[in-house]
$ cat input25.txt   # compact mmCIF, C-alpha atoms
# COMPACT_ATOMS: atom_id res chain seq x y z
CA MET X 1 -25.93 -22.83 1.20
CA THR X 2 -22.96 -22.65 -1.17
CA ALA X 3 -21.85 -19.59 -3.13
CA SER X 4 -19.60 -19.83 -6.16
CA PHE X 5 -17.27 -17.39 -7.91
CA ASP X 6 -16.10 -19.01 -11.12
CA GLY X 7 -12.87 -18.15 -12.87
CA ALA X 8 -11.35 -19.28 -16.15
CA LEU X 9 -10.04 -22.83 -16.27
CA ALA X 10 -6.27 -23.03 -15.86
CA PRO X 11 -3.99 -25.14 -18.07
CA ASP X 12 -2.43 -28.24 -16.57
CA LEU X 13 1.04 -26.90 -15.91
CA SER X 14 3.17 -27.11 -12.81
CA ARG X 15 5.52 -24.25 -13.62
CA VAL X 16 5.26 -21.21 -15.87
CA GLU X 17 7.78 -18.45 -16.26
CA GLY X 18 6.72 -14.97 -17.13
CA PRO X 19 8.03 -12.56 -19.76
CA ALA X 20 11.49 -11.07 -19.49
CA ASP X 21 10.48 -8.25 -17.16
CA GLY X 22 13.02 -9.00 -14.44
CA ASP X 23 15.81 -11.31 -13.34
CA GLY X 24 13.65 -13.48 -11.11
CA VAL X 25 12.78 -17.12 -11.68
CA ALA X 26 9.32 -18.50 -11.06
CA LEU X 27 9.02 -20.74 -8.02
CA PRO X 28 7.22 -24.04 -8.63
CA ALA X 29 3.54 -23.35 -8.06
CA LYS X 30 2.99 -26.69 -6.34
CA SER X 31 5.47 -25.91 -3.57
CA PHE X 32 4.63 -22.22 -3.12
CA ASP X 33 4.63 -21.29 0.58
CA LEU X 34 4.29 -17.72 1.86
CA ARG X 35 6.32 -18.66 4.92
CA ALA X 36 9.25 -20.11 2.98
CA LEU X 37 10.13 -17.71 0.19
CA PRO X 38 13.71 -17.27 -1.05
CA ALA X 39 15.29 -13.82 -1.06
CA SER X 40 15.18 -13.81 -4.88
CA PHE X 41 11.38 -13.76 -4.74
CA HIS X 42 11.41 -10.09 -3.72
CA ASP X 43 13.24 -9.04 -6.90
CA ASP X 44 10.49 -10.33 -9.17
CA PRO X 45 7.47 -12.06 -7.62
CA TYR X 46 5.41 -11.72 -10.79
CA ARG X 47 6.77 -14.81 -12.52
CA THR X 48 5.68 -16.87 -9.54
CA TYR X 49 2.33 -15.12 -9.41
CA ARG X 50 1.83 -15.95 -13.08
CA ALA X 51 2.67 -19.59 -12.44
CA LEU X 52 0.10 -19.71 -9.67
CA ARG X 53 -2.54 -17.87 -11.68
CA GLU X 54 -2.17 -20.23 -14.64
CA THR X 55 -1.92 -23.49 -12.71
CA GLU X 56 -3.35 -23.12 -9.19
CA PRO X 57 -5.29 -19.84 -9.07
CA VAL X 58 -6.92 -20.88 -5.79
CA LYS X 59 -3.79 -22.22 -4.16
CA ARG X 60 -4.11 -24.17 -0.92
CA LEU X 61 -1.19 -23.10 1.23
CA PRO X 62 0.51 -25.60 3.55
CA ASP X 63 0.18 -25.80 7.32
CA GLY X 64 -3.27 -24.31 7.59
CA GLN X 65 -2.39 -20.96 6.02
CA GLY X 66 -5.57 -21.01 3.96
CA VAL X 67 -5.83 -20.22 0.25
CA PHE X 68 -3.98 -17.77 -2.00
CA LEU X 69 -5.90 -16.09 -4.83
CA THR X 70 -4.20 -14.76 -7.96
CA ARG X 71 -7.01 -14.07 -10.46
CA HIS X 72 -8.50 -10.59 -10.77
CA ALA X 73 -12.10 -11.87 -10.96
CA ASP X 74 -11.74 -13.98 -7.82
CA CYS X 75 -10.13 -11.20 -5.79
CA LEU X 76 -12.74 -8.70 -6.93
CA ALA X 77 -15.60 -11.01 -5.99
CA VAL X 78 -14.20 -11.64 -2.51
CA TYR X 79 -13.58 -7.94 -1.90
CA LYS X 80 -17.17 -7.09 -2.77
CA ASP X 81 -18.94 -9.79 -0.75
CA THR X 82 -18.89 -8.75 2.90
CA ARG X 83 -21.48 -11.35 3.83
CA LEU X 84 -19.42 -14.38 2.84
CA PHE X 85 -16.01 -12.91 3.61
CA THR X 86 -15.02 -11.11 6.79
CA SER X 87 -12.19 -8.65 7.34
CA SER X 88 -11.87 -9.51 11.02
CA LYS X 89 -8.46 -10.92 11.94
CA THR X 90 -9.15 -11.67 15.59
CA ASP X 91 -8.91 -15.44 15.22
CA GLU X 92 -5.79 -15.30 13.03
CA PHE X 93 -3.91 -12.70 15.05
CA ARG X 94 -4.54 -14.17 18.49
CA PRO X 95 -2.04 -17.03 18.07
CA LYS X 96 0.32 -14.87 16.01
CA PHE X 97 0.63 -11.95 18.43
CA GLY X 98 -0.78 -13.15 21.75
CA ALA X 99 -1.97 -10.58 24.27
CA THR X 100 0.32 -7.82 23.04
CA PRO X 101 0.08 -4.19 21.89
CA LEU X 102 0.29 -5.41 18.27
CA TYR X 103 -2.75 -7.62 18.81
CA GLU X 104 -4.76 -4.77 20.31
CA HIS X 105 -3.79 -2.45 17.47
CA HIS X 106 -4.41 -4.75 14.52
CA THR X 107 -7.73 -6.05 15.88
CA THR X 108 -9.06 -2.59 16.72
CA SER X 109 -8.02 -0.59 13.65
CA LEU X 110 -10.33 0.13 10.75
CA VAL X 111 -8.82 -2.21 8.17
CA PHE X 112 -9.24 -5.49 10.07
CA ASN X 113 -12.81 -4.93 11.23
CA ASP X 114 -16.29 -5.23 9.82
CA ALA X 115 -19.39 -3.18 10.61
CA PRO X 116 -20.28 -1.59 12.92
CA LEU X 117 -16.78 -0.44 13.98
CA HIS X 118 -15.55 -0.18 10.39
CA THR X 119 -18.60 1.82 9.37
CA ARG X 120 -18.32 4.28 12.27
CA VAL X 121 -14.62 4.97 11.88
CA ARG X 122 -14.64 5.14 8.09
CA LYS X 123 -17.49 7.65 8.10
CA ILE X 124 -15.60 9.91 10.48
CA ILE X 125 -12.35 9.74 8.48
CA ALA X 126 -14.09 10.15 5.12
CA GLY X 127 -15.65 13.38 6.37
CA ALA X 128 -12.20 14.97 6.44
CA LEU X 129 -11.19 13.55 3.05
CA THR X 130 -13.95 14.90 0.83
CA PRO X 131 -13.02 15.96 -2.73
CA ARG X 132 -13.25 19.58 -1.61
CA ALA X 133 -10.95 18.99 1.38
CA ILE X 134 -8.40 17.13 -0.75
CA ALA X 135 -8.43 19.85 -3.41
CA ALA X 136 -7.72 22.38 -0.66
CA MET X 137 -4.54 20.44 0.21
CA GLU X 138 -2.98 20.88 -3.23
CA ASP X 139 -1.30 24.24 -2.64
CA GLY X 140 0.30 23.04 0.58
CA LEU X 141 1.39 19.81 -1.09
CA ARG X 142 3.00 21.73 -3.95
CA ALA X 143 4.84 23.93 -1.47
CA LEU X 144 6.12 20.85 0.38
CA VAL X 145 7.29 19.09 -2.79
CA GLY X 146 8.86 22.34 -3.97
CA GLU X 147 10.93 22.51 -0.77
CA LEU X 148 12.07 18.92 -1.23
CA VAL X 149 12.99 19.59 -4.86
CA ASP X 150 15.02 22.62 -3.79
CA ARG X 151 16.92 20.47 -1.27
CA LEU X 152 17.61 17.90 -3.98
CA ARG X 153 18.77 20.67 -6.30
CA GLU X 154 21.17 21.90 -3.60
CA LYS X 155 22.59 18.40 -3.13
CA ALA X 156 23.02 18.03 -6.88
CA ALA X 157 24.78 21.38 -7.15
CA ASN X 158 27.26 20.20 -4.52
CA GLY X 159 27.88 16.97 -6.42
CA ARG X 160 26.28 14.77 -3.77
CA GLN X 161 24.32 11.59 -4.42
CA VAL X 162 20.71 11.55 -3.29
CA ASP X 163 18.42 8.83 -1.99
CA LEU X 164 15.01 9.18 -3.61
CA ILE X 165 13.33 7.44 -0.67
CA GLU X 166 14.94 9.23 2.26
CA ASP X 167 15.32 12.61 0.54
CA PHE X 168 12.00 12.67 -1.31
CA ALA X 169 9.39 9.90 -1.38
CA SER X 170 9.12 9.16 2.35
CA ALA X 171 9.06 12.82 3.37
CA ILE X 172 5.84 13.60 1.50
CA PRO X 173 3.27 11.31 3.19
CA VAL X 174 4.72 11.82 6.66
CA GLU X 175 4.08 15.55 6.35
CA ILE X 176 0.65 15.12 4.79
CA ILE X 177 -0.57 12.66 7.43
CA GLY X 178 1.10 14.74 10.14
CA ASN X 179 -0.96 17.68 8.89
CA LEU X 180 -4.18 15.65 8.91
CA LEU X 181 -3.63 14.69 12.54
CA ALA X 182 -2.15 18.13 13.30
CA VAL X 183 0.99 16.59 14.79
CA PRO X 184 3.45 19.40 15.60
CA HIS X 185 6.30 19.48 13.06
CA ALA X 186 8.95 19.15 15.75
CA GLU X 187 7.36 15.88 16.92
CA ARG X 188 7.14 14.05 13.57
CA GLY X 189 10.60 12.49 13.68
CA PRO X 190 9.63 9.04 15.04
CA LEU X 191 6.49 8.61 12.90
CA ARG X 192 8.09 6.81 9.97
CA ASP X 193 10.03 4.32 12.09
CA TRP X 194 6.95 3.55 14.17
CA SER X 195 4.94 2.92 11.03
CA LEU X 196 7.56 0.66 9.44
CA ALA X 197 7.85 -1.42 12.62
CA ILE X 198 4.08 -1.85 13.06
CA LEU X 199 3.38 -2.72 9.43
CA GLY X 200 6.41 -5.00 9.33
CA ALA X 201 4.66 -7.21 11.87
CA LEU X 202 2.05 -8.08 9.20
CA GLU X 203 4.55 -10.11 7.19
CA PRO X 204 3.85 -13.86 6.88
CA VAL X 205 7.02 -14.77 8.80
CA LEU X 206 8.34 -12.78 11.75
CA THR X 207 11.48 -12.89 13.86
CA GLY X 208 11.44 -12.23 17.58
CA GLU X 209 13.19 -8.94 16.90
CA GLN X 210 10.47 -7.83 14.47
CA LEU X 211 7.76 -8.65 16.99
CA ALA X 212 9.61 -6.78 19.71
CA ARG X 213 10.08 -3.73 17.47
CA GLY X 214 6.42 -3.78 16.45
CA ASN X 215 5.17 -4.02 20.03
CA ALA X 216 7.52 -1.28 21.17
CA ALA X 217 6.35 0.96 18.33
CA VAL X 218 2.67 0.51 19.24
CA THR X 219 3.45 1.20 22.91
CA GLU X 220 5.48 4.33 22.15
CA PHE X 221 3.06 5.63 19.55
CA THR X 222 0.07 5.06 21.85
CA ALA X 223 1.80 6.93 24.68
CA TYR X 224 2.55 9.83 22.36
CA LEU X 225 -1.01 9.93 21.02
CA THR X 226 -2.48 9.85 24.53
CA GLY X 227 -0.79 13.16 25.22
CA LEU X 228 -1.75 14.57 21.81
CA VAL X 229 -5.40 13.57 22.29
CA GLY X 230 -5.46 15.17 25.74
CA GLU X 231 -4.13 18.42 24.31
CA ARG X 232 -6.62 18.33 21.41
CA ARG X 233 -9.55 17.78 23.77
CA GLN X 234 -8.53 21.00 25.51
CA ASN X 235 -7.93 22.83 22.23
CA PRO X 236 -10.00 21.27 19.42
CA GLY X 237 -9.03 21.89 15.82
CA ASP X 238 -11.29 22.40 12.82
CA PRO X 239 -13.14 19.08 12.38
CA ALA X 240 -13.44 19.79 8.66
CA THR X 241 -9.69 19.32 8.24
CA ASP X 242 -8.33 17.94 11.52
CA VAL X 243 -8.94 14.18 11.53
CA LEU X 244 -7.94 13.78 15.17
CA THR X 245 -10.54 16.33 16.26
CA ARG X 246 -13.14 14.51 14.13
CA LEU X 247 -12.24 11.18 15.73
CA ILE X 248 -12.52 12.70 19.22
CA LEU X 249 -15.87 14.37 18.56
CA GLY X 250 -17.39 11.58 16.47
CA GLU X 251 -20.30 12.23 14.15
CA THR X 252 -22.92 14.79 15.16
CA GLY X 253 -25.66 12.94 16.99
CA GLY X 254 -23.81 9.65 16.60
CA GLU X 255 -21.53 7.43 18.62
CA THR X 256 -18.05 8.38 19.68
CA LEU X 257 -15.07 6.03 19.71
CA SER X 258 -13.77 4.37 22.84
CA ALA X 259 -10.35 5.44 24.09
CA SER X 260 -8.69 2.37 22.54
CA GLU X 261 -10.55 2.72 19.23
CA LEU X 262 -9.51 6.35 19.00
CA LEU X 263 -5.81 5.72 19.64
CA GLN X 264 -5.50 2.62 17.47
CA ASN X 265 -7.22 4.25 14.50
CA CYS X 266 -4.94 7.26 14.72
CA ILE X 267 -2.05 4.83 14.38
CA PHE X 268 -3.84 3.18 11.46
CA ILE X 269 -4.24 6.52 9.64
CA LEU X 270 -0.51 7.12 9.74
CA ASN X 271 0.30 3.57 8.69
CA ALA X 272 -2.24 3.50 5.86
CA GLY X 273 -1.11 6.79 4.43
CA HIS X 274 2.61 6.49 4.92
CA GLU X 275 4.34 3.39 3.59
CA THR X 276 2.02 2.70 0.68
CA THR X 277 2.38 6.26 -0.65
CA THR X 278 6.14 6.21 -0.12
CA ASN X 279 6.27 2.97 -2.08
CA MET X 280 4.08 4.35 -4.86
CA ILE X 281 6.35 7.34 -5.44
CA GLY X 282 9.55 5.30 -5.15
CA ASN X 283 8.24 2.57 -7.43
CA ALA X 284 7.26 5.20 -9.99
CA LEU X 285 10.72 6.78 -10.06
CA VAL X 286 12.40 3.41 -10.61
CA LEU X 287 9.88 2.28 -13.24
CA LEU X 288 10.44 5.46 -15.23
CA CYS X 289 14.15 4.58 -15.35
CA GLU X 290 13.42 0.99 -16.40
CA TRP X 291 10.97 2.10 -19.11
CA PRO X 292 12.72 5.13 -20.70
CA GLN X 293 10.28 5.39 -23.61
CA GLU X 294 7.37 5.73 -21.20
CA ARG X 295 9.33 8.30 -19.21
CA ALA X 296 9.96 10.34 -22.36
CA ARG X 297 6.30 10.02 -23.29
CA LEU X 298 5.20 11.29 -19.86
CA ILE X 299 7.61 14.23 -19.90
CA ALA X 300 6.44 15.17 -23.40
CA ASP X 301 2.79 14.94 -22.38
CA PRO X 302 2.22 15.80 -18.68
CA SER X 303 -1.54 15.34 -19.21
CA LEU X 304 -0.79 11.62 -18.85
CA MET X 305 0.22 12.11 -15.20
CA ARG X 306 -3.10 10.83 -13.82
CA THR X 307 -3.09 7.65 -15.90
CA ALA X 308 0.63 7.19 -15.15
CA VAL X 309 -0.08 7.15 -11.41
CA GLU X 310 -2.81 4.54 -11.92
CA GLU X 311 -0.41 2.43 -13.97
CA VAL X 312 2.25 2.57 -11.26
CA LEU X 313 -0.37 1.41 -8.78
CA ARG X 314 -1.29 -1.49 -11.06
CA PHE X 315 2.15 -2.51 -12.28
CA GLU X 316 3.94 -2.35 -8.92
CA SER X 317 1.16 -2.34 -6.34
CA SER X 318 2.40 -0.81 -3.09
CA ASN X 319 0.26 -3.23 -1.12
CA GLN X 320 0.61 -6.69 -2.67
CA LEU X 321 -1.62 -8.73 -0.37
CA GLY X 322 -5.09 -8.40 1.09
CA ASN X 323 -6.82 -10.70 3.57
CA ARG X 324 -10.28 -12.04 4.27
CA ALA X 325 -11.73 -15.14 5.96
CA ALA X 326 -14.70 -17.22 4.85
CA SER X 327 -17.71 -16.62 7.09
CA GLU X 328 -19.45 -19.75 5.81
CA ASP X 329 -18.84 -22.65 3.45
CA CYS X 330 -18.52 -21.40 -0.13
CA GLU X 331 -16.64 -21.91 -3.37
CA ILE X 332 -14.09 -19.79 -5.18
CA GLY X 333 -13.38 -20.85 -8.75
CA GLU X 334 -15.02 -24.23 -8.13
CA THR X 335 -12.72 -24.83 -5.16
CA PRO X 336 -14.60 -25.61 -1.92
CA ILE X 337 -13.74 -23.14 0.84
CA PRO X 338 -14.78 -24.23 4.35
CA ALA X 339 -16.02 -21.62 6.82
CA GLY X 340 -13.14 -20.08 8.75
CA THR X 341 -10.59 -20.48 5.93
CA SER X 342 -8.06 -17.65 5.72
CA ILE X 343 -7.98 -16.08 2.26
CA THR X 344 -5.00 -14.13 0.92
CA LEU X 345 -5.86 -11.97 -2.06
CA CYS X 346 -2.75 -11.38 -4.15
CA ILE X 347 -3.29 -7.86 -5.46
CA GLY X 348 0.04 -7.95 -7.29
CA ALA X 349 -1.03 -11.03 -9.25
CA ALA X 350 -4.57 -9.81 -9.92
CA ASN X 351 -3.18 -6.57 -11.34
CA ARG X 352 -1.14 -8.55 -13.88
CA ASP X 353 -4.01 -10.83 -14.93
CA PRO X 354 -4.31 -10.94 -18.75
CA GLN X 355 -8.03 -11.61 -18.36
CA ALA X 356 -8.37 -8.11 -16.90
CA PHE X 357 -5.52 -6.17 -18.57
CA ALA X 358 -4.21 -6.28 -22.12
CA ASP X 359 -0.46 -6.93 -22.28
CA PRO X 360 -0.31 -6.84 -18.46
CA ASP X 361 3.49 -7.04 -18.15
CA ARG X 362 3.94 -3.85 -20.12
CA PHE X 363 4.21 -0.56 -18.23
CA ASP X 364 1.97 1.89 -20.13
CA VAL X 365 1.60 5.41 -18.70
CA GLY X 366 -1.48 6.00 -20.83
CA ARG X 367 -3.30 2.75 -20.04
CA GLN X 368 -7.08 3.04 -20.12
CA PRO X 369 -9.19 1.51 -18.76
CA ASN X 370 -7.23 0.48 -15.70
CA ARG X 371 -9.45 -1.28 -13.16
CA HIS X 372 -6.65 -2.25 -10.79
CA LEU X 373 -7.17 -3.43 -7.23
CA ALA X 374 -4.33 -1.48 -5.61
CA PHE X 375 -6.80 0.26 -3.28
CA GLY X 376 -8.94 -2.81 -2.77
CA MET X 377 -12.62 -2.71 -3.68
CA GLY X 378 -16.01 -2.69 -2.00
CA PRO X 379 -16.79 -1.19 1.43
CA HIS X 380 -13.14 -1.47 2.50
CA GLN X 381 -11.74 0.38 -0.50
CA CYS X 382 -9.06 2.78 0.75
CA ALA X 383 -10.69 5.90 2.19
CA GLY X 384 -7.57 7.95 1.42
CA MET X 385 -7.04 6.77 -2.15
CA ASN X 386 -7.72 10.14 -3.76
CA LEU X 387 -5.30 11.85 -1.40
CA ALA X 388 -2.67 9.25 -2.32
CA ARG X 389 -3.34 9.86 -6.01
CA LEU X 390 -2.88 13.59 -5.52
CA GLU X 391 0.40 13.04 -3.68
CA GLY X 392 1.68 10.76 -6.44
CA ARG X 393 0.64 13.10 -9.24
CA ILE X 394 2.15 16.22 -7.71
CA ALA X 395 5.36 14.43 -6.65
CA LEU X 396 6.00 13.02 -10.13
CA GLU X 397 4.99 16.17 -11.95
CA MET X 398 7.28 18.46 -9.98
CA PHE X 399 10.19 16.00 -9.77
CA LEU X 400 10.22 15.33 -13.52
CA ALA X 401 9.94 19.04 -14.29
CA ALA X 402 13.05 19.68 -12.18
CA PHE X 403 15.07 16.56 -13.02
CA PRO X 404 13.94 15.08 -16.35
CA ASP X 405 17.29 13.33 -16.86
CA TYR X 406 17.77 11.85 -13.39
CA ARG X 407 19.40 8.43 -13.30
CA LEU X 408 19.95 5.64 -10.84
CA ALA X 409 23.37 5.59 -9.19
CA GLY X 410 23.39 1.89 -8.39
CA ALA X 411 20.85 -0.82 -7.75
CA PRO X 412 17.86 0.27 -5.66
CA VAL X 413 17.51 -1.69 -2.42
CA ARG X 414 14.20 -3.50 -1.99
CA GLY X 415 12.38 -3.33 1.32
CA GLY X 416 12.44 -7.14 1.54
CA ARG X 417 8.74 -7.54 2.28
CA VAL X 418 6.07 -9.70 0.70
CA ARG X 419 3.02 -7.64 1.66
CA PHE X 420 4.37 -4.15 0.98
CA ARG X 421 6.34 -3.73 -2.24
CA GLY X 422 8.72 -0.82 -2.37
CA TYR X 423 12.29 0.29 -1.89
CA GLN X 424 14.32 0.96 1.21
CA SER X 425 16.77 3.06 -0.76
CA ILE X 426 17.03 4.44 -4.31
CA PRO X 427 20.46 6.00 -4.96
CA ALA X 428 20.26 8.53 -7.76
CA GLU X 429 22.33 11.16 -9.49
CA LEU X 430 20.98 14.58 -10.42
CA THR X 431 23.55 16.42 -12.48
CA PRO X 432 23.94 20.18 -11.92
CA GLN X 433 22.89 20.75 -15.55
CA THR X 434 19.73 18.69 -15.03
CA ALA X 435 18.91 20.35 -11.74
CA ARG X 436 19.42 23.90 -12.98
$ encode --input "input25.txt" --output "structure tokens"
Amino acid sequence: MTASFDGALAPDLSRVEGPADGDGVALPAKSFDLRALPASFHDDPYRTYRALRETEPVKRLPDGQGVFLTRHADCLAVYKDTRLFTSSKTDEFRPKFGATPLYEHHTTSLVFNDAPLHTRVRKIIAGALTPRAIAAMEDGLRALVGELVDRLREKAANGRQVDLIEDFASAIPVEIIGNLLAVPHAERGPLRDWSLAILGALEPVLTGEQLARGNAAVTEFTAYLTGLVGERRQNPGDPATDVLTRLILGETGGETLSASELLQNCIFILNAGHETTTNMIGNALVLLCEWPQERARLIADPSLMRTAVEEVLRFESSNQLGNRAASEDCEIGETPIPAGTSITLCIGAANRDPQAFADPDRFDVGRQPNRHLAFGMGPHQCAGMNLARLEGRIALEMFLAAFPDYRLAGAPVRGGRVRFRGYQSIPAELTPQTAR
């Protein structure tokens, strides 16, 4: 039996360059290889994504890497069909990681599993992230962002340059996720580095050093969580707000998680909520410098904050790539896909597809509708997406109110990753007059 997801026919071109929205140059679509990308690709991947979308939207990657999808309709269809396309990465990760802590983590966590594990864990996590629970977090989030703004204001008053990642964007999700897991404040120091090392191991190409760092991070994080879980079993928190307590107890009358499932999904919660939210806030602050008219529009009309956050998620998706594998022979856009084929869904390309978005290379803080795929779609759609939206909205609202005239103090430094798009550093200047 063959299933088909048809997309628009592509013109017969081998290379297309996008609009002047960056300094990058499109790579030839015919030779595109996720494992052999030049450093310049990270500055502006969208020209290359456009070339692929217009010429080879279902791109067969070399050396058995599978296919690479760049059309919104194709990615959406794959996300929604859990019968034809599996999220399990066991077969792909076994040769990549071997019998290592990274393999155990990435094949046990929520994101790379199908039902029944995915269903059990997601239900438990979602119970602590209800609309009511998220709304109850707003006051604490505002207090946290207010403290960070005050620290930035103090730096500005002393004439010091700030880093909008280190001093602002990265501090917000670490505290929020730390609160969800009830990690003591004094013990949150290593969380960000552990997360960066573990997620870094998901890149298409890895060095021995990256693998070693990732495995060490899983080992260290697991050891820490083992102690935290033991303490929480003795002194349970409120399962309505404490995700770790919920994971330990499981659902009333339902199954509980095994020891490994519990630990690995705690790690996943930090990873899922940390880097992507850091990237979202950092990307937003840079975009508002690159599009000054949209920044002025947002400052003049703060009611646009919700749509502005959605547009940041579309225009510079924090997570650029998703993955599935074909469970049986099928077709995507008239291209035959044999069972077992790895499928990379390019979220960054889909979110710039002119078939889904008018004038897609324009950053528009008031864009509506905005059916982006930044949080995925279907049963695996991000369980914490509304918490991330709240973090982005509050962070931008309070930062812009305090520093409407902030400016970059040099070129922001990209994180240098293909899967996760964000900045390692954003040097900025906040003048004393602005910060007053």
$ closest_atom_pairs --input "input25.txt" --of "range 342-387 of chain X" --to "range 50-74 of chain X" --cutoff "6 Å" --atoms "all atoms listed in the file" --output "JSON lines"
{"residue": "X:Ser342", "atom": "CA", "partner": "X:Gly66", "partner_atom": "CA", "distance": 4.5}
{"residue": "X:Ile343", "atom": "CA", "partner": "X:Val67", "partner_atom": "CA", "distance": 5.1}
{"residue": "X:Thr344", "atom": "CA", "partner": "X:Phe68", "partner_atom": "CA", "distance": 4.8}
{"residue": "X:Leu345", "atom": "CA", "partner": "X:Leu69", "partner_atom": "CA", "distance": 5.0}
{"residue": "X:Cys346", "atom": "CA", "partner": "X:Thr70", "partner_atom": "CA", "distance": 5.3}
{"residue": "X:Ala349", "atom": "CA", "partner": "X:Thr70", "partner_atom": "CA", "distance": 5.1}
{"residue": "X:Ala350", "atom": "CA", "partner": "X:His72", "partner_atom": "CA", "distance": 4.1}
$ residues_around --input "input25.txt" --residues "Glu255 in chain X" --least-positions-apart "5" --cutoff "10 Å" --atoms "all atoms listed in the file" --output "tab-separated table (two decimals) with C-alpha atoms, keeping the file's coordinate frame"
chain	number	residue	atom	x	y	z
X	120	ARG	CA	-18.32	4.28	12.27
X	121	VAL	CA	-14.62	4.97	11.88
X	249	LEU	CA	-15.87	14.37	18.56
X	250	GLY	CA	-17.39	11.58	16.47
$ residues_around --input "input25.txt" --residues "range 171-186 of chain X" --least-positions-apart "6" --cutoff "7 Å" --atoms "all atoms listed in the file" --output "list in words"
Arg192, Thr241, Asp242, Val243, Leu244, Leu270, Gly273, His274, Thr277 and Thr278 of chain X
$ residues_around --input "input25.txt" --residues "range 406-415 of chain X" --least-positions-apart "6" --cutoff "7 Å" --atoms "all atoms listed in the file" --output "ChimeraX atom specification"
/X:289,422-430
$ write_last_selection --input "input25.txt" --atoms "C-alpha atoms" --output "mmCIF file, in the frame of the given file"
data_model
loop_
_atom_site.group_PDB
_atom_site.id
_atom_site.type_symbol
_atom_site.label_atom_id
_atom_site.label_comp_id
_atom_site.auth_asym_id
_atom_site.auth_seq_id
_atom_site.Cartn_x
_atom_site.Cartn_y
_atom_site.Cartn_z
ATOM 1 C CA CYS X 289 14.150 4.580 -15.350
ATOM 2 C CA GLY X 422 8.720 -0.820 -2.370
ATOM 3 C CA TYR X 423 12.290 0.290 -1.890
ATOM 4 C CA GLN X 424 14.320 0.960 1.210
ATOM 5 C CA SER X 425 16.770 3.060 -0.760
ATOM 6 C CA ILE X 426 17.030 4.440 -4.310
ATOM 7 C CA PRO X 427 20.460 6.000 -4.960
ATOM 8 C CA ALA X 428 20.260 8.530 -7.760
ATOM 9 C CA GLU X 429 22.330 11.160 -9.490
ATOM 10 C CA LEU X 430 20.980 14.580 -10.420
#
$ residues_around --input "input25.txt" --residues "Glu203 in chain X" --least-positions-apart "3" --cutoff "8 Å" --atoms "only C-alpha atoms" --output "number ranges by chain"
X: 199-200, 206, 417-419
$ residues_around --input "input25.txt" --residues "Ala217 in chain X" --least-positions-apart "2" --cutoff "10 Å" --atoms "all atoms listed in the file" --output "compact mmCIF listing (two decimals) with C-alpha atoms, keeping the file's coordinate frame"
# COMPACT_ATOMS: atom_id res chain seq x y z
CA PRO X 101 0.08 -4.19 21.89
CA LEU X 102 0.29 -5.41 18.27
CA PRO X 190 9.63 9.04 15.04
CA LEU X 191 6.49 8.61 12.90
CA ASP X 193 10.03 4.32 12.09
CA TRP X 194 6.95 3.55 14.17
CA SER X 195 4.94 2.92 11.03
CA LEU X 196 7.56 0.66 9.44
CA ALA X 197 7.85 -1.42 12.62
CA ILE X 198 4.08 -1.85 13.06
CA LEU X 211 7.76 -8.65 16.99
CA ALA X 212 9.61 -6.78 19.71
CA ARG X 213 10.08 -3.73 17.47
CA GLY X 214 6.42 -3.78 16.45
CA ASN X 215 5.17 -4.02 20.03
CA THR X 219 3.45 1.20 22.91
CA GLU X 220 5.48 4.33 22.15
CA PHE X 221 3.06 5.63 19.55
CA THR X 222 0.07 5.06 21.85
CA ALA X 223 1.80 6.93 24.68
$ atom_distance --input "input25.txt" --atom1 "CA of Ala29 in chain X" --atom2 "CA of Tyr49 in chain X"
8.4 Å
$ atom_distance --input "input25.txt" --atom1 "CA of Asp91 in chain X" --atom2 "CA of Leu76 in chain X"
23.5 Å
$ closest_atom_pairs --input "input25.txt" --of "range 345-385 of chain X" --to "range 310-334 of chain X" --cutoff "7 Å" --atoms "only C-alpha atoms" --output "tab-separated table"
residue	atom	partner	partner_atom	distance
X:Leu345	CA	X:Gly322	CA	4.8
X:Cys346	CA	X:Leu321	CA	4.8
X:Ile347	CA	X:Gln320	CA	4.9
X:Gly348	CA	X:Gln320	CA	4.8
X:Asn351	CA	X:Arg314	CA	5.4
X:Phe363	CA	X:Phe315	CA	6.6
X:Asp364	CA	X:Glu311	CA	6.6
X:Val365	CA	X:Glu311	CA	5.9
X:Arg367	CA	X:Glu311	CA	6.7
X:His372	CA	X:Arg314	CA	5.4
X:Ala374	CA	X:Ser317	CA	5.6
$ atom_distance --input "input25.txt" --atom1 "CA of Ser109 in chain X" --atom2 "CA of Leu257 in chain X"
11.4 Å
$ closest_residue --input "input25.txt" --among "X:Ile134, X:Arg362, X:Pro354, X:Thr256" --to "Ala388 in chain X" --atoms "all atoms listed in the file"
X:Ile134
$ closest_residue --input "input25.txt" --among "X:Leu387, X:Leu84, X:Cys266, X:Ala156" --to "Phe403 in chain X" --atoms "only C-alpha atoms"
X:Ala156
$ closest_residue --input "input25.txt" --among "X:Ala259, X:Val205, X:Leu152, X:Met377" --to "Leu34 in chain X" --atoms "all atoms listed in the file"
X:Val205
